[in-house]
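Worksheet for the structure shown next.
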Amino acid sequence: MLRHPVDAKARKSFDASFPNFASEARNVRSGLCNDEFTPYRSIKSTNNIWPVLLVPFNLPPWTCIKKPYTMLNMIILGKTTPGTDIDVYL
């Protein structure tokens, strides 16, 4: 059961591959996420907004997704989805 990224197999594999990084508590572990929404609550609108959020995962599971710890990294505006070109923005 995955309740937090700490429980993920990829995280455990990374910790095993890089034990020096995993042992240092001050190293920042973060997640980058985005989602589309249409402004002005209009389904027929041709504009899209893609907020890109940065979330630190060093915090306990009950605090890491809370508002004070979620950082808005950038906003991608456009008429279409960024698709595979999102790396240009990042």
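Residues are referred to by chain and number: the chain letter is A, B, ... according to the order shown in the structure tokens, the number counts from 1 in that chain, and ligands are numbered separately from 1 in the order shown.
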Would you pick out the contacts of range 47-58 of chain A at 7 Å or less, using only C-alpha atoms, so that residues sharing its chain but fewer than 6 positions from it are not included, and give the list as a list in words?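 Surrounding residues, per the criterion: Val28, Arg29, Ser30, Gly31, Leu32, Cys33, Asn34, Asp35, Glu36, Phe37, Thr38, Pro39, Cys64, Ile65, Tyr69, Thr70, Met71, Leu72, Asn73, Met74, Ile75, Ile76, Leu77, Gly78, Lys79 and Thr80 of chain A.
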Writing out the chosen residues with N, CA and C atoms as a JSON list (two decimals), in the first residue's frame:
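Resulting contents of again.json:
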[["chain", "number", "residue", "atom", "x", "y", "z"],
["A", 28, "VAL", "N", 17.20, 17.31, 0.40],
["A", 28, "VAL", "CA", 15.80, 17.56, 0.08],
["A", 28, "VAL", "C", 15.30, 16.54, -0.93],
["A", 29, "ARG", "N", 14.19, 15.93, -0.61],
["A", 29, "ARG", "CA", 13.49, 15.04, -1.53],
["A", 29, "ARG", "C", 12.21, 15.75, -1.91],
["A", 30, "SER", "N", 11.97, 15.85, -3.19],
["A", 30, "SER", "CA", 10.80, 16.61, -3.62],
["A", 30, "SER", "C", 10.09, 15.92, -4.76],
["A", 31, "GLY", "N", 8.87, 16.34, -4.98],
["A", 31, "GLY", "CA", 8.06, 15.84, -6.09],
["A", 31, "GLY", "C", 7.55, 17.02, -6.90],
["A", 32, "LEU", "N", 7.53, 16.84, -8.19],
["A", 32, "LEU", "CA", 7.05, 17.88, -9.09],
["A", 32, "LEU", "C", 5.77, 17.37, -9.73],
["A", 33, "CYS", "N", 4.72, 18.15, -9.67],
["A", 33, "CYS", "CA", 3.44, 17.71, -10.22],
["A", 33, "CYS", "C", 2.74, 18.86, -10.92],
["A", 34, "ASN", "N", 1.89, 18.52, -11.86],
["A", 34, "ASN", "CA", 1.11, 19.54, -12.55],
["A", 34, "ASN", "C", -0.25, 18.99, -12.92],
["A", 35, "ASP", "N", -1.16, 19.89, -13.19],
["A", 35, "ASP", "CA", -2.51, 19.51, -13.58],
["A", 35, "ASP", "C", -3.13, 20.67, -14.32],
["A", 36, "GLU", "N", -3.97, 20.35, -15.28],
["A", 36, "GLU", "CA", -4.60, 21.38, -16.09],
["A", 36, "GLU", "C", -5.92, 21.82, -15.49],
["A", 37, "PHE", "N", -6.22, 23.09, -15.62],
["A", 37, "PHE", "CA", -7.57, 23.55, -15.34],
["A", 37, "PHE", "C", -7.91, 24.69, -16.29],
["A", 38, "THR", "N", -9.17, 24.86, -16.52],
["A", 38, "THR", "CA", -9.67, 25.88, -17.43],
["A", 38, "THR", "C", -10.13, 27.09, -16.62],
["A", 39, "PRO", "N", -9.59, 28.27, -16.92],
["A", 39, "PRO", "CA", -9.99, 29.44, -16.14],
["A", 39, "PRO", "C", -11.42, 29.88, -16.45],
["A", 64, "CYS", "N", 3.27, 17.07, 4.48],
["A", 64, "CYS", "CA", 3.98, 17.42, 3.25],
["A", 64, "CYS", "C", 3.08, 17.96, 2.14],
["A", 65, "ILE", "N", 1.81, 17.61, 2.10],
["A", 65, "ILE", "CA", 0.91, 18.08, 1.04],
["A", 65, "ILE", "C", 0.09, 19.29, 1.51],
["A", 69, "TYR", "N", 3.47, 24.09, 2.73],
["A", 69, "TYR", "CA", 4.65, 23.40, 2.23],
["A", 69, "TYR", "C", 4.60, 23.10, 0.73],
["A", 70, "THR", "N", 3.54, 23.50, 0.06],
["A", 70, "THR", "CA", 3.41, 23.30, -1.38],
["A", 70, "THR", "C", 3.79, 24.60, -2.07],
["A", 71, "MET", "N", 4.77, 24.53, -2.99],
["A", 71, "MET", "CA", 5.28, 25.73, -3.64],
["A", 71, "MET", "C", 4.88, 25.77, -5.10],
["A", 72, "LEU", "N", 4.32, 26.87, -5.54],
["A", 72, "LEU", "CA", 3.98, 27.07, -6.94],
["A", 72, "LEU", "C", 5.27, 27.44, -7.66],
["A", 73, "ASN", "N", 5.74, 26.54, -8.52],
["A", 73, "ASN", "CA", 7.01, 26.72, -9.20],
["A", 73, "ASN", "C", 6.86, 27.57, -10.46],
["A", 74, "MET", "N", 5.84, 27.30, -11.24],
["A", 74, "MET", "CA", 5.58, 28.07, -12.46],
["A", 74, "MET", "C", 4.16, 27.84, -12.92],
["A", 75, "ILE", "N", 3.71, 28.67, -13.84],
["A", 75, "ILE", "CA", 2.40, 28.52, -14.47],
["A", 75, "ILE", "C", 2.63, 28.50, -15.98],
["A", 76, "ILE", "N", 2.13, 27.47, -16.64],
["A", 76, "ILE", "CA", 2.24, 27.34, -18.09],
["A", 76, "ILE", "C", 0.89, 27.71, -18.68],
["A", 77, "LEU", "N", 0.88, 28.74, -19.51],
["A", 77, "LEU", "CA", -0.34, 29.19, -20.16],
["A", 77, "LEU", "C", -0.33, 28.74, -21.62],
["A", 78, "GLY", "N", -1.51, 28.49, -22.17],
["A", 78, "GLY", "CA", -1.56, 28.15, -23.59],
["A", 78, "GLY", "C", -2.91, 27.68, -24.02],
["A", 79, "LYS", "N", -3.04, 27.52, -25.33],
["A", 79, "LYS", "CA", -4.30, 27.04, -25.89],
["A", 79, "LYS", "C", -4.33, 25.53, -26.01],
["A", 80, "THR", "N", -3.16, 24.89, -25.91],
["A", 80, "THR", "CA", -3.09, 23.42, -25.95],
["A", 80, "THR", "C", -2.25, 22.93, -24.78]]
Work out how far apart CA of Pro61 in chain A and CA of Ala25 in chain A are and give it in Å to one decimal. 15.6 Å
Could you tell me how far CA of Asp7 in chain A sits from CA of Trp62 in chain A, in Å to one decimal place?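 Separating CA of Trp62 in chain A from CA of Asp7 in chain A is a distance of 14.0 Å.
The space between CA of Glu24 in chain A and CA of Thr63 in chain A spans 20.2 Å.
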List as number ranges by chain the protein and nucleic acid residues near Arg11 in chain A, meaning an atom at most 12 Å away when only C-alpha atoms are counted, but skip any in the same chain fewer than 3 places from it. A: 2, 4-8, 14-19, 21-22, 29-31, 57
